Amino acid sequence: MRGFGVEELLACYRRGVFPMAEARDDPRIFLLNPDERGILPLHEFHIPRSLKKVVRQDMFHVTVNRCFDAVVNACAAPGPGREETWINQPILNLYREMHRAGHAHSLECWKDGALAGGLYGVSIGAAFFGESMFSRATDASKVALVHLVARLQAGQYRLLDAQFTTAHLERFGARTVSRHVYAAKLDDATDHEADFFALPDGLSGHQLLQSITHTS
């Protein structure tokens, strides 16, 4: 897309539209505005009991924006059960620009000094648009999601967009809403301000779980 950059992409998000590619090696970008949208209600977030145990044990060291490019590249790479991805080179380039402009963020999970998992997304006002996640170690991406929700709750976010619901995300409370309902939530969230960095770094897993509401 000639002339399609950060400002154009931000305008798309504000309209409820997001980019995808048909395949990793397809250079085209498509803009999607599906009839139904997946969201993760921030104050109805559910953490399975087994995952709470993993979080409390501090099995992973979690950082923010330490290696955004590495996270996006890992999300774009094929893996077991995910032989094809929707993240092509133009999309990689766009999100790197978004990160440099301060609109896109990553969370990284480290184990034994190696990048074990993570996620990235876009922040506009009090809306966070989750884009993709990856895991190289059991539960790494799930722990990253728990840390993201804690951060969004602390920063007074109003919307966590998951794009589409999956059986995996439904375990955490994700649900599908109509385009009309989503548009109202989006307008409300982007009309308010939030702080992605409100949560202090270095919290223990126990402290993190205490900071999250409605985790039963």
# chains A, B, ... in the order shown; residues from 1 in each chain; ligands from 1
$ residues_around --residues "A:His61" --least-positions-apart "6" --cutoff "10 Å" --atoms "only C-alpha atoms" --output "CSV table (one decimal) with C-alpha atoms, in the first residue's frame"
chain,number,residue,atom,x,y,z
A,108,GLU,CA,8.6,-10.5,26.7
A,109,CYS,CA,8.9,-13.6,28.9
A,110,TRP,CA,12.4,-14.8,29.6
A,111,LYS,CA,13.6,-18.2,30.9
A,112,ASP,CA,17.2,-18.9,31.7
A,113,GLY,CA,18.2,-15.8,29.8
A,114,ALA,CA,16.4,-16.8,26.6
A,115,LEU,CA,13.3,-15.3,25.1
A,116,ALA,CA,10.6,-17.9,25.8
A,140,ALA,CA,5.1,-18.3,28.4
A,143,VAL,CA,2.0,-15.5,31.5
A,144,ALA,CA,2.6,-12.6,29.1
A,202,GLY,CA,9.6,-5.9,38.9
A,204,SER,CA,6.5,-10.7,41.9
A,205,GLY,CA,3.9,-13.1,40.5
$ select_by_dssp --residues "chain A" --states "helix (DSSP H, G or I)" --output "PDB file with N, CA, C and O atoms, in the first residue's frame"
ATOM      1  N   VAL A   6       2.191   5.012   9.609  1.00  0.00           N
ATOM      2  CA  VAL A   6       1.725   5.016  10.997  1.00  0.00           C
ATOM      3  C   VAL A   6       0.407   5.754  11.151  1.00  0.00           C
ATOM      4  O   VAL A   6      -0.543   5.238  11.758  1.00  0.00           O
ATOM      5  N   GLU A   7       0.300   6.952  10.645  1.00  0.00           N
ATOM      6  CA  GLU A   7      -0.923   7.741  10.830  1.00  0.00           C
ATOM      7  C   GLU A   7      -2.117   7.077  10.174  1.00  0.00           C
ATOM      8  O   GLU A   7      -3.227   7.076  10.732  1.00  0.00           O
ATOM      9  N   GLU A   8      -1.916   6.493   9.004  1.00  0.00           N
ATOM     10  CA  GLU A   8      -3.003   5.809   8.321  1.00  0.00           C
ATOM     11  C   GLU A   8      -3.447   4.567   9.097  1.00  0.00           C
ATOM     12  O   GLU A   8      -4.646   4.277   9.208  1.00  0.00           O
ATOM     13  N   LEU A   9      -2.466   3.852   9.663  1.00  0.00           N
ATOM     14  CA  LEU A   9      -2.807   2.660  10.435  1.00  0.00           C
ATOM     15  C   LEU A   9      -3.542   3.026  11.723  1.00  0.00           C
ATOM     16  O   LEU A   9      -4.515   2.367  12.108  1.00  0.00           O
ATOM     17  N   LEU A  10      -3.109   4.081  12.397  1.00  0.00           N
ATOM     18  CA  LEU A  10      -3.815   4.533  13.593  1.00  0.00           C
ATOM     19  C   LEU A  10      -5.252   4.914  13.273  1.00  0.00           C
ATOM     20  O   LEU A  10      -6.179   4.605  14.028  1.00  0.00           O
ATOM     21  N   ALA A  11      -5.449   5.584  12.134  1.00  0.00           N
ATOM     22  CA  ALA A  11      -6.808   5.970  11.725  1.00  0.00           C
ATOM     23  C   ALA A  11      -7.666   4.725  11.486  1.00  0.00           C
ATOM     24  O   ALA A  11      -8.862   4.709  11.815  1.00  0.00           O
ATOM     25  N   CYS A  12      -7.062   3.672  10.934  1.00  0.00           N
ATOM     26  CA  CYS A  12      -7.796   2.419  10.725  1.00  0.00           C
ATOM     27  C   CYS A  12      -8.245   1.828  12.053  1.00  0.00           C
ATOM     28  O   CYS A  12      -9.408   1.423  12.209  1.00  0.00           O
ATOM     29  N   TYR A  13      -7.332   1.762  13.008  1.00  0.00           N
ATOM     30  CA  TYR A  13      -7.693   1.213  14.313  1.00  0.00           C
ATOM     31  C   TYR A  13      -8.836   2.002  14.944  1.00  0.00           C
ATOM     32  O   TYR A  13      -9.739   1.420  15.564  1.00  0.00           O
ATOM     33  N   ARG A  14      -8.793   3.300  14.821  1.00  0.00           N
ATOM     34  CA  ARG A  14      -9.854   4.126  15.410  1.00  0.00           C
ATOM     35  C   ARG A  14     -11.211   3.870  14.743  1.00  0.00           C
ATOM     36  O   ARG A  14     -12.248   4.134  15.340  1.00  0.00           O
ATOM     37  N   LEU A  42     -11.721  -6.633  30.501  1.00  0.00           N
ATOM     38  CA  LEU A  42     -10.588  -6.491  31.406  1.00  0.00           C
ATOM     39  C   LEU A  42     -10.924  -6.815  32.849  1.00  0.00           C
ATOM     40  O   LEU A  42     -10.079  -7.316  33.595  1.00  0.00           O
ATOM     41  N   HIS A  43     -12.145  -6.533  33.281  1.00  0.00           N
ATOM     42  CA  HIS A  43     -12.492  -6.768  34.679  1.00  0.00           C
ATOM     43  C   HIS A  43     -13.349  -8.022  34.854  1.00  0.00           C
ATOM     44  O   HIS A  43     -13.977  -8.223  35.889  1.00  0.00           O
ATOM     45  N   GLU A  44     -13.341  -8.869  33.823  1.00  0.00           N
ATOM     46  CA  GLU A  44     -13.932 -10.197  33.925  1.00  0.00           C
ATOM     47  C   GLU A  44     -12.905 -11.244  33.501  1.00  0.00           C
ATOM     48  O   GLU A  44     -13.241 -12.356  33.118  1.00  0.00           O
ATOM     49  N   ARG A  49      -6.616 -21.912  37.393  1.00  0.00           N
ATOM     50  CA  ARG A  49      -5.889 -22.168  38.639  1.00  0.00           C
ATOM     51  C   ARG A  49      -4.458 -22.626  38.377  1.00  0.00           C
ATOM     52  O   ARG A  49      -3.517 -22.197  39.056  1.00  0.00           O
ATOM     53  N   SER A  50      -4.279 -23.492  37.380  1.00  0.00           N
ATOM     54  CA  SER A  50      -2.923 -23.988  37.101  1.00  0.00           C
ATOM     55  C   SER A  50      -2.006 -22.858  36.639  1.00  0.00           C
ATOM     56  O   SER A  50      -0.805 -22.859  36.949  1.00  0.00           O
ATOM     57  N   LEU A  51      -2.554 -21.888  35.919  1.00  0.00           N
ATOM     58  CA  LEU A  51      -1.737 -20.769  35.451  1.00  0.00           C
ATOM     59  C   LEU A  51      -1.406 -19.825  36.599  1.00  0.00           C
ATOM     60  O   LEU A  51      -0.307 -19.257  36.641  1.00  0.00           O
ATOM     61  N   LYS A  52      -2.321 -19.652  37.539  1.00  0.00           N
ATOM     62  CA  LYS A  52      -2.016 -18.843  38.723  1.00  0.00           C
ATOM     63  C   LYS A  52      -0.788 -19.400  39.441  1.00  0.00           C
ATOM     64  O   LYS A  52       0.079 -18.641  39.895  1.00  0.00           O
ATOM     65  N   LYS A  53      -0.707 -20.708  39.511  1.00  0.00           N
ATOM     66  CA  LYS A  53       0.435 -21.336  40.182  1.00  0.00           C
ATOM     67  C   LYS A  53       1.727 -21.004  39.449  1.00  0.00           C
ATOM     68  O   LYS A  53       2.745 -20.689  40.070  1.00  0.00           O
ATOM     69  N   VAL A  54       1.684 -21.037  38.113  1.00  0.00           N
ATOM     70  CA  VAL A  54       2.867 -20.720  37.320  1.00  0.00           C
ATOM     71  C   VAL A  54       3.277 -19.264  37.543  1.00  0.00           C
ATOM     72  O   VAL A  54       4.470 -18.961  37.711  1.00  0.00           O
ATOM     73  N   VAL A  55       2.292 -18.365  37.563  1.00  0.00           N
ATOM     74  CA  VAL A  55       2.596 -16.947  37.769  1.00  0.00           C
ATOM     75  C   VAL A  55       3.222 -16.736  39.144  1.00  0.00           C
ATOM     76  O   VAL A  55       4.213 -16.011  39.287  1.00  0.00           O
ATOM     77  N   ARG A  56       2.649 -17.362  40.171  1.00  0.00           N
ATOM     78  CA  ARG A  56       3.172 -17.199  41.534  1.00  0.00           C
ATOM     79  C   ARG A  56       4.605 -17.714  41.664  1.00  0.00           C
ATOM     80  O   ARG A  56       5.389 -17.215  42.472  1.00  0.00           O
ATOM     81  N   PHE A  68      11.214  -5.490  20.994  1.00  0.00           N
ATOM     82  CA  PHE A  68       9.973  -5.492  20.213  1.00  0.00           C
ATOM     83  C   PHE A  68      10.154  -6.241  18.893  1.00  0.00           C
ATOM     84  O   PHE A  68       9.331  -7.088  18.531  1.00  0.00           O
ATOM     85  N   ASP A  69      11.206  -5.925  18.154  1.00  0.00           N
ATOM     86  CA  ASP A  69      11.407  -6.559  16.851  1.00  0.00           C
ATOM     87  C   ASP A  69      11.502  -8.075  16.972  1.00  0.00           C
ATOM     88  O   ASP A  69      10.949  -8.812  16.148  1.00  0.00           O
ATOM     89  N   ALA A  70      12.189  -8.563  17.998  1.00  0.00           N
ATOM     90  CA  ALA A  70      12.339 -10.003  18.181  1.00  0.00           C
ATOM     91  C   ALA A  70      10.988 -10.660  18.462  1.00  0.00           C
ATOM     92  O   ALA A  70      10.715 -11.768  17.982  1.00  0.00           O
ATOM     93  N   VAL A  71      10.134  -9.970  19.224  1.00  0.00           N
ATOM     94  CA  VAL A  71       8.803 -10.514  19.504  1.00  0.00           C
ATOM     95  C   VAL A  71       7.968 -10.595  18.234  1.00  0.00           C
ATOM     96  O   VAL A  71       7.336 -11.621  17.944  1.00  0.00           O
ATOM     97  N   VAL A  72       7.948  -9.525  17.451  1.00  0.00           N
ATOM     98  CA  VAL A  72       7.154  -9.525  16.221  1.00  0.00           C
ATOM     99  C   VAL A  72       7.684 -10.574  15.250  1.00  0.00           C
ATOM    100  O   VAL A  72       6.907 -11.296  14.608  1.00  0.00           O
ATOM    101  N   ASN A  73       9.005 -10.677  15.130  1.00  0.00           N
ATOM    102  CA  ASN A  73       9.585 -11.700  14.251  1.00  0.00           C
ATOM    103  C   ASN A  73       9.199 -13.102  14.708  1.00  0.00           C
ATOM    104  O   ASN A  73       8.911 -13.982  13.882  1.00  0.00           O
ATOM    105  N   ALA A  74       9.189 -13.335  16.016  1.00  0.00           N
ATOM    106  CA  ALA A  74       8.813 -14.649  16.534  1.00  0.00           C
ATOM    107  C   ALA A  74       7.337 -14.944  16.259  1.00  0.00           C
ATOM    108  O   ALA A  74       6.965 -16.085  15.960  1.00  0.00           O
ATOM    109  N   CYS A  75       6.496 -13.912  16.375  1.00  0.00           N
ATOM    110  CA  CYS A  75       5.074 -14.094  16.067  1.00  0.00           C
ATOM    111  C   CYS A  75       4.852 -14.394  14.589  1.00  0.00           C
ATOM    112  O   CYS A  75       3.898 -15.090  14.218  1.00  0.00           O
ATOM    113  N   ALA A  76       5.729 -13.861  13.738  1.00  0.00           N
ATOM    114  CA  ALA A  76       5.584 -14.057  12.293  1.00  0.00           C
ATOM    115  C   ALA A  76       6.132 -15.399  11.834  1.00  0.00           C
ATOM    116  O   ALA A  76       5.798 -15.867  10.740  1.00  0.00           O
ATOM    117  N   GLN A  89       6.152  -9.135   5.446  1.00  0.00           N
ATOM    118  CA  GLN A  89       7.182  -8.127   5.634  1.00  0.00           C
ATOM    119  C   GLN A  89       6.624  -6.707   5.727  1.00  0.00           C
ATOM    120  O   GLN A  89       7.062  -5.919   6.585  1.00  0.00           O
ATOM    121  N   PRO A  90       5.669  -6.305   4.863  1.00  0.00           N
ATOM    122  CA  PRO A  90       5.100  -4.954   5.016  1.00  0.00           C
ATOM    123  C   PRO A  90       4.462  -4.727   6.392  1.00  0.00           C
ATOM    124  O   PRO A  90       4.577  -3.641   6.959  1.00  0.00           O
ATOM    125  N   ILE A  91       3.808  -5.752   6.939  1.00  0.00           N
ATOM    126  CA  ILE A  91       3.207  -5.614   8.264  1.00  0.00           C
ATOM    127  C   ILE A  91       4.297  -5.526   9.328  1.00  0.00           C
ATOM    128  O   ILE A  91       4.211  -4.709  10.258  1.00  0.00           O
ATOM    129  N   LEU A  92       5.331  -6.335   9.190  1.00  0.00           N
ATOM    130  CA  LEU A  92       6.461  -6.232  10.115  1.00  0.00           C
ATOM    131  C   LEU A  92       7.018  -4.809  10.130  1.00  0.00           C
ATOM    132  O   LEU A  92       7.264  -4.231  11.196  1.00  0.00           O
ATOM    133  N   ASN A  93       7.204  -4.245   8.952  1.00  0.00           N
ATOM    134  CA  ASN A  93       7.756  -2.892   8.850  1.00  0.00           C
ATOM    135  C   ASN A  93       6.831  -1.857   9.484  1.00  0.00           C
ATOM    136  O   ASN A  93       7.288  -0.941  10.180  1.00  0.00           O
ATOM    137  N   LEU A  94       5.521  -2.016   9.269  1.00  0.00           N
ATOM    138  CA  LEU A  94       4.552  -1.068   9.831  1.00  0.00           C
ATOM    139  C   LEU A  94       4.590  -1.061  11.351  1.00  0.00           C
ATOM    140  O   LEU A  94       4.604   0.005  11.983  1.00  0.00           O
ATOM    141  N   TYR A  95       4.620  -2.236  11.955  1.00  0.00           N
ATOM    142  CA  TYR A  95       4.574  -2.288  13.417  1.00  0.00           C
ATOM    143  C   TYR A  95       5.888  -1.851  14.043  1.00  0.00           C
ATOM    144  O   TYR A  95       5.896  -1.310  15.152  1.00  0.00           O
ATOM    145  N   ARG A  96       6.982  -2.058  13.352  1.00  0.00           N
ATOM    146  CA  ARG A  96       8.238  -1.499  13.839  1.00  0.00           C
ATOM    147  C   ARG A  96       8.164   0.028  13.868  1.00  0.00           C
ATOM    148  O   ARG A  96       8.631   0.665  14.808  1.00  0.00           O
ATOM    149  N   GLU A  97       7.587   0.620  12.815  1.00  0.00           N
ATOM    150  CA  GLU A  97       7.398   2.072  12.797  1.00  0.00           C
ATOM    151  C   GLU A  97       6.454   2.507  13.912  1.00  0.00           C
ATOM    152  O   GLU A  97       6.678   3.531  14.567  1.00  0.00           O
ATOM    153  N   MET A  98       5.394   1.731  14.132  1.00  0.00           N
ATOM    154  CA  MET A  98       4.446   2.053  15.204  1.00  0.00           C
ATOM    155  C   MET A  98       5.140   2.023  16.561  1.00  0.00           C
ATOM    156  O   MET A  98       4.900   2.874  17.422  1.00  0.00           O
ATOM    157  N   HIS A  99       6.027   1.056  16.753  1.00  0.00           N
ATOM    158  CA  HIS A  99       6.752   0.960  18.020  1.00  0.00           C
ATOM    159  C   HIS A  99       7.687   2.152  18.207  1.00  0.00           C
ATOM    160  O   HIS A  99       7.735   2.752  19.288  1.00  0.00           O
ATOM    161  N   ARG A 100       8.407   2.497  17.166  1.00  0.00           N
ATOM    162  CA  ARG A 100       9.328   3.636  17.264  1.00  0.00           C
ATOM    163  C   ARG A 100       8.572   4.929  17.544  1.00  0.00           C
ATOM    164  O   ARG A 100       9.104   5.841  18.193  1.00  0.00           O
ATOM    165  N   ALA A 140       4.426 -19.657  28.480  1.00  0.00           N
ATOM    166  CA  ALA A 140       5.093 -18.348  28.372  1.00  0.00           C
ATOM    167  C   ALA A 140       4.161 -17.269  27.825  1.00  0.00           C
ATOM    168  O   ALA A 140       4.073 -16.165  28.376  1.00  0.00           O
ATOM    169  N   SER A 141       3.434 -17.554  26.750  1.00  0.00           N
ATOM    170  CA  SER A 141       2.544 -16.532  26.191  1.00  0.00           C
ATOM    171  C   SER A 141       1.368 -16.266  27.122  1.00  0.00           C
ATOM    172  O   SER A 141       0.863 -15.133  27.195  1.00  0.00           O
ATOM    173  N   LYS A 142       0.933 -17.291  27.860  1.00  0.00           N
ATOM    174  CA  LYS A 142      -0.162 -17.096  28.812  1.00  0.00           C
ATOM    175  C   LYS A 142       0.260 -16.174  29.948  1.00  0.00           C
ATOM    176  O   LYS A 142      -0.512 -15.307  30.387  1.00  0.00           O
ATOM    177  N   VAL A 143       1.488 -16.360  30.432  1.00  0.00           N
ATOM    178  CA  VAL A 143       2.002 -15.480  31.485  1.00  0.00           C
ATOM    179  C   VAL A 143       2.117 -14.048  30.957  1.00  0.00           C
ATOM    180  O   VAL A 143       1.790 -13.091  31.663  1.00  0.00           O
ATOM    181  N   ALA A 144       2.542 -13.896  29.710  1.00  0.00           N
ATOM    182  CA  ALA A 144       2.618 -12.559  29.111  1.00  0.00           C
ATOM    183  C   ALA A 144       1.234 -11.914  29.070  1.00  0.00           C
ATOM    184  O   ALA A 144       1.083 -10.714  29.338  1.00  0.00           O
ATOM    185  N   LEU A 145       0.206 -12.698  28.762  1.00  0.00           N
ATOM    186  CA  LEU A 145      -1.153 -12.166  28.722  1.00  0.00           C
ATOM    187  C   LEU A 145      -1.616 -11.713  30.107  1.00  0.00           C
ATOM    188  O   LEU A 145      -2.243 -10.659  30.248  1.00  0.00           O
ATOM    189  N   VAL A 146      -1.311 -12.495  31.132  1.00  0.00           N
ATOM    190  CA  VAL A 146      -1.665 -12.103  32.503  1.00  0.00           C
ATOM    191  C   VAL A 146      -0.992 -10.776  32.868  1.00  0.00           C
ATOM    192  O   VAL A 146      -1.620  -9.873  33.434  1.00  0.00           O
ATOM    193  N   HIS A 147       0.277 -10.645  32.537  1.00  0.00           N
ATOM    194  CA  HIS A 147       0.992  -9.400  32.811  1.00  0.00           C
ATOM    195  C   HIS A 147       0.397  -8.240  32.020  1.00  0.00           C
ATOM    196  O   HIS A 147       0.309  -7.119  32.532  1.00  0.00           O
ATOM    197  N   LEU A 148      -0.010  -8.501  30.788  1.00  0.00           N
ATOM    198  CA  LEU A 148      -0.638  -7.437  29.987  1.00  0.00           C
ATOM    199  C   LEU A 148      -1.926  -6.952  30.643  1.00  0.00           C
ATOM    200  O   LEU A 148      -2.142  -5.741  30.778  1.00  0.00           O
ATOM    201  N   VAL A 149      -2.780  -7.871  31.058  1.00  0.00           N
ATOM    202  CA  VAL A 149      -4.059  -7.474  31.665  1.00  0.00           C
ATOM    203  C   VAL A 149      -3.824  -6.688  32.949  1.00  0.00           C
ATOM    204  O   VAL A 149      -4.490  -5.680  33.206  1.00  0.00           O
ATOM    205  N   ALA A 150      -2.871  -7.131  33.765  1.00  0.00           N
ATOM    206  CA  ALA A 150      -2.556  -6.380  34.987  1.00  0.00           C
ATOM    207  C   ALA A 150      -2.119  -4.963  34.646  1.00  0.00           C
ATOM    208  O   ALA A 150      -2.517  -3.992  35.302  1.00  0.00           O
ATOM    209  N   ARG A 151      -1.321  -4.831  33.622  1.00  0.00           N
ATOM    210  CA  ARG A 151      -0.825  -3.518  33.192  1.00  0.00           C
ATOM    211  C   ARG A 151      -1.972  -2.638  32.671  1.00  0.00           C
ATOM    212  O   ARG A 151      -2.049  -1.441  32.971  1.00  0.00           O
ATOM    213  N   LEU A 152      -2.872  -3.241  31.897  1.00  0.00           N
ATOM    214  CA  LEU A 152      -3.990  -2.476  31.349  1.00  0.00           C
ATOM    215  C   LEU A 152      -4.974  -2.063  32.441  1.00  0.00           C
ATOM    216  O   LEU A 152      -5.508  -0.943  32.418  1.00  0.00           O
ATOM    217  N   GLN A 153      -5.211  -2.951  33.393  1.00  0.00           N
ATOM    218  CA  GLN A 153      -6.081  -2.581  34.515  1.00  0.00           C
ATOM    219  C   GLN A 153      -5.475  -1.429  35.310  1.00  0.00           C
ATOM    220  O   GLN A 153      -6.160  -0.457  35.647  1.00  0.00           O
ATOM    221  N   ALA A 154      -4.187  -1.528  35.606  1.00  0.00           N
ATOM    222  CA  ALA A 154      -3.523  -0.473  36.383  1.00  0.00           C
ATOM    223  C   ALA A 154      -3.527   0.851  35.647  1.00  0.00           C
ATOM    224  O   ALA A 154      -3.609   1.920  36.264  1.00  0.00           O
ATOM    225  N   ALA A 167     -10.772 -20.852  21.181  1.00  0.00           N
ATOM    226  CA  ALA A 167     -10.981 -21.686  22.371  1.00  0.00           C
ATOM    227  C   ALA A 167      -9.945 -21.363  23.434  1.00  0.00           C
ATOM    228  O   ALA A 167     -10.239 -21.361  24.634  1.00  0.00           O
ATOM    229  N   HIS A 168      -8.733 -21.062  22.992  1.00  0.00           N
ATOM    230  CA  HIS A 168      -7.661 -20.702  23.932  1.00  0.00           C
ATOM    231  C   HIS A 168      -8.025 -19.422  24.694  1.00  0.00           C
ATOM    232  O   HIS A 168      -7.927 -19.376  25.927  1.00  0.00           O
ATOM    233  N   LEU A 169      -8.451 -18.388  23.994  1.00  0.00           N
ATOM    234  CA  LEU A 169      -8.771 -17.114  24.647  1.00  0.00           C
ATOM    235  C   LEU A 169     -10.059 -17.191  25.465  1.00  0.00           C
ATOM    236  O   LEU A 169     -10.210 -16.469  26.452  1.00  0.00           O
ATOM    237  N   GLU A 170     -10.979 -18.063  25.063  1.00  0.00           N
ATOM    238  CA  GLU A 170     -12.226 -18.201  25.819  1.00  0.00           C
ATOM    239  C   GLU A 170     -11.958 -18.701  27.231  1.00  0.00           C
ATOM    240  O   GLU A 170     -12.732 -18.422  28.151  1.00  0.00           O
ATOM    241  N   ARG A 179     -20.337  -6.030  15.541  1.00  0.00           N
ATOM    242  CA  ARG A 179     -19.605  -4.850  15.078  1.00  0.00           C
ATOM    243  C   ARG A 179     -20.168  -3.581  15.715  1.00  0.00           C
ATOM    244  O   ARG A 179     -19.415  -2.676  16.085  1.00  0.00           O
ATOM    245  N   HIS A 180     -21.475  -3.513  15.880  1.00  0.00           N
ATOM    246  CA  HIS A 180     -22.114  -2.326  16.467  1.00  0.00           C
ATOM    247  C   HIS A 180     -21.695  -2.156  17.932  1.00  0.00           C
ATOM    248  O   HIS A 180     -21.341  -1.050  18.357  1.00  0.00           O
ATOM    249  N   VAL A 181     -21.736  -3.243  18.687  1.00  0.00           N
ATOM    250  CA  VAL A 181     -21.337  -3.178  20.096  1.00  0.00           C
ATOM    251  C   VAL A 181     -19.857  -2.829  20.198  1.00  0.00           C
ATOM    252  O   VAL A 181     -19.451  -2.000  21.025  1.00  0.00           O
ATOM    253  N   TYR A 182     -19.059  -3.443  19.354  1.00  0.00           N
ATOM    254  CA  TYR A 182     -17.616  -3.161  19.384  1.00  0.00           C
ATOM    255  C   TYR A 182     -17.347  -1.690  19.070  1.00  0.00           C
ATOM    256  O   TYR A 182     -16.511  -1.055  19.725  1.00  0.00           O
ATOM    257  N   ALA A 183     -18.031  -1.151  18.088  1.00  0.00           N
ATOM    258  CA  ALA A 183     -17.815   0.248  17.703  1.00  0.00           C
ATOM    259  C   ALA A 183     -18.096   1.192  18.869  1.00  0.00           C
ATOM    260  O   ALA A 183     -17.363   2.167  19.084  1.00  0.00           O
ATOM    261  N   ALA A 184     -19.141   0.898  19.646  1.00  0.00           N
ATOM    262  CA  ALA A 184     -19.459   1.738  20.803  1.00  0.00           C
ATOM    263  C   ALA A 184     -18.363   1.642  21.859  1.00  0.00           C
ATOM    264  O   ALA A 184     -17.949   2.651  22.443  1.00  0.00           O
ATOM    265  N   LYS A 185     -17.881   0.426  22.117  1.00  0.00           N
ATOM    266  CA  LYS A 185     -16.797   0.239  23.090  1.00  0.00           C
ATOM    267  C   LYS A 185     -15.524   0.928  22.610  1.00  0.00           C
ATOM    268  O   LYS A 185     -14.784   1.532  23.398  1.00  0.00           O
ATOM    269  N   LEU A 186     -15.262   0.834  21.322  1.00  0.00           N
ATOM    270  CA  LEU A 186     -14.064   1.453  20.757  1.00  0.00           C
ATOM    271  C   LEU A 186     -14.122   2.973  20.872  1.00  0.00           C
ATOM    272  O   LEU A 186     -13.138   3.619  21.268  1.00  0.00           O
ATOM    273  N   ASP A 187     -15.274   3.555  20.530  1.00  0.00           N
ATOM    274  CA  ASP A 187     -15.422   5.014  20.630  1.00  0.00           C
ATOM    275  C   ASP A 187     -15.204   5.480  22.064  1.00  0.00           C
ATOM    276  O   ASP A 187     -14.537   6.490  22.316  1.00  0.00           O
ATOM    277  N   ASP A 188     -15.783   4.741  23.006  1.00  0.00           N
ATOM    278  CA  ASP A 188     -15.634   5.109  24.411  1.00  0.00           C
ATOM    279  C   ASP A 188     -14.163   5.024  24.832  1.00  0.00           C
ATOM    280  O   ASP A 188     -13.637   5.934  25.484  1.00  0.00           O
ATOM    281  N   ALA A 189     -13.488   3.941  24.450  1.00  0.00           N
ATOM    282  CA  ALA A 189     -12.104   3.740  24.891  1.00  0.00           C
ATOM    283  C   ALA A 189     -11.158   4.765  24.278  1.00  0.00           C
ATOM    284  O   ALA A 189     -10.274   5.298  24.959  1.00  0.00           O
ATOM    285  N   THR A 190     -11.317   5.051  23.013  1.00  0.00           N
ATOM    286  CA  THR A 190     -10.394   5.982  22.361  1.00  0.00           C
ATOM    287  C   THR A 190     -10.673   7.431  22.740  1.00  0.00           C
ATOM    288  O   THR A 190      -9.856   8.305  22.452  1.00  0.00           O
ATOM    289  N   GLY A 205       5.139 -12.468  41.044  1.00  0.00           N
ATOM    290  CA  GLY A 205       3.905 -13.061  40.546  1.00  0.00           C
ATOM    291  C   GLY A 205       2.769 -12.938  41.540  1.00  0.00           C
ATOM    292  O   GLY A 205       1.615 -12.686  41.172  1.00  0.00           O
ATOM    293  N   HIS A 206       3.066 -13.097  42.819  1.00  0.00           N
ATOM    294  CA  HIS A 206       2.040 -12.971  43.851  1.00  0.00           C
ATOM    295  C   HIS A 206       1.477 -11.555  43.882  1.00  0.00           C
ATOM    296  O   HIS A 206       0.258 -11.358  43.942  1.00  0.00           O
ATOM    297  N   GLN A 207       2.347 -10.552  43.818  1.00  0.00           N
ATOM    298  CA  GLN A 207       1.896  -9.158  43.800  1.00  0.00           C
ATOM    299  C   GLN A 207       1.073  -8.867  42.548  1.00  0.00           C
ATOM    300  O   GLN A 207       0.069  -8.155  42.603  1.00  0.00           O
ATOM    301  N   LEU A 208       1.499  -9.425  41.429  1.00  0.00           N
ATOM    302  CA  LEU A 208       0.782  -9.202  40.172  1.00  0.00           C
ATOM    303  C   LEU A 208      -0.640  -9.739  40.258  1.00  0.00           C
ATOM    304  O   LEU A 208      -1.603  -9.066  39.885  1.00  0.00           O
ATOM    305  N   LEU A 209      -0.787 -10.966  40.770  1.00  0.00           N
ATOM    306  CA  LEU A 209      -2.122 -11.555  40.880  1.00  0.00           C
ATOM    307  C   LEU A 209      -2.999 -10.750  41.835  1.00  0.00           C
ATOM    308  O   LEU A 209      -4.209 -10.626  41.610  1.00  0.00           O
ATOM    309  N   GLN A 210      -2.418 -10.224  42.886  1.00  0.00           N
ATOM    310  CA  GLN A 210      -3.193  -9.406  43.811  1.00  0.00           C
ATOM    311  C   GLN A 210      -3.685  -8.129  43.147  1.00  0.00           C
ATOM    312  O   GLN A 210      -4.723  -7.584  43.551  1.00  0.00           O
ATOM    313  N   SER A 211      -2.977  -7.658  42.136  1.00  0.00           N
ATOM    314  CA  SER A 211      -3.357  -6.400  41.483  1.00  0.00           C
ATOM    315  C   SER A 211      -4.479  -6.581  40.470  1.00  0.00           C
ATOM    316  O   SER A 211      -5.090  -5.613  40.045  1.00  0.00           O
TER     317      SER A 211
END
$ closest_residue --among "A:Ala77, A:Leu160, A:Leu107, A:Ile39" --to "A:Val64" --atoms "only C-alpha atoms"
A:Leu107
$ atom_distance --atom1 "atom CA of A:Arg175" --atom2 "atom CA of A:Ser132"
17.1 Å
$ residues_around --residues "A:Ser106" --least-positions-apart "4" --cutoff "8 Å" --atoms "only C-alpha atoms" --output "list in words"
Val64, Asn65, Arg66, Cys67, Phe68, Val71, Gly118, Leu119, Tyr120 and Gly121 of chain A
$ select_by_dssp --residues "stretch 9-212 of chain A" --states "strand (DSSP E)" --output "JSON, numbers by chain"
{"A": [18, 19, 20, 30, 31, 32, 36, 37, 38, 39, 61, 62, 63, 64, 104, 105, 106, 107, 108, 109, 110, 111, 114, 115, 116, 117, 118, 119, 120, 121, 122, 123, 124, 127, 128, 129, 130, 131, 132, 133, 134, 135, 159, 160, 161, 162, 163, 175, 176, 177, 178]}
$ closest_residue --among "A:Tyr157, A:Phe60, A:Phe164, A:Phe30" --to "A:His192" --atoms "only C-alpha atoms"
A:Tyr157
$ closest_residue --among "A:Ala137, A:Leu32, A:Leu159, A:Ala174" --to "A:Met59" --atoms "only C-alpha atoms"
A:Ala137
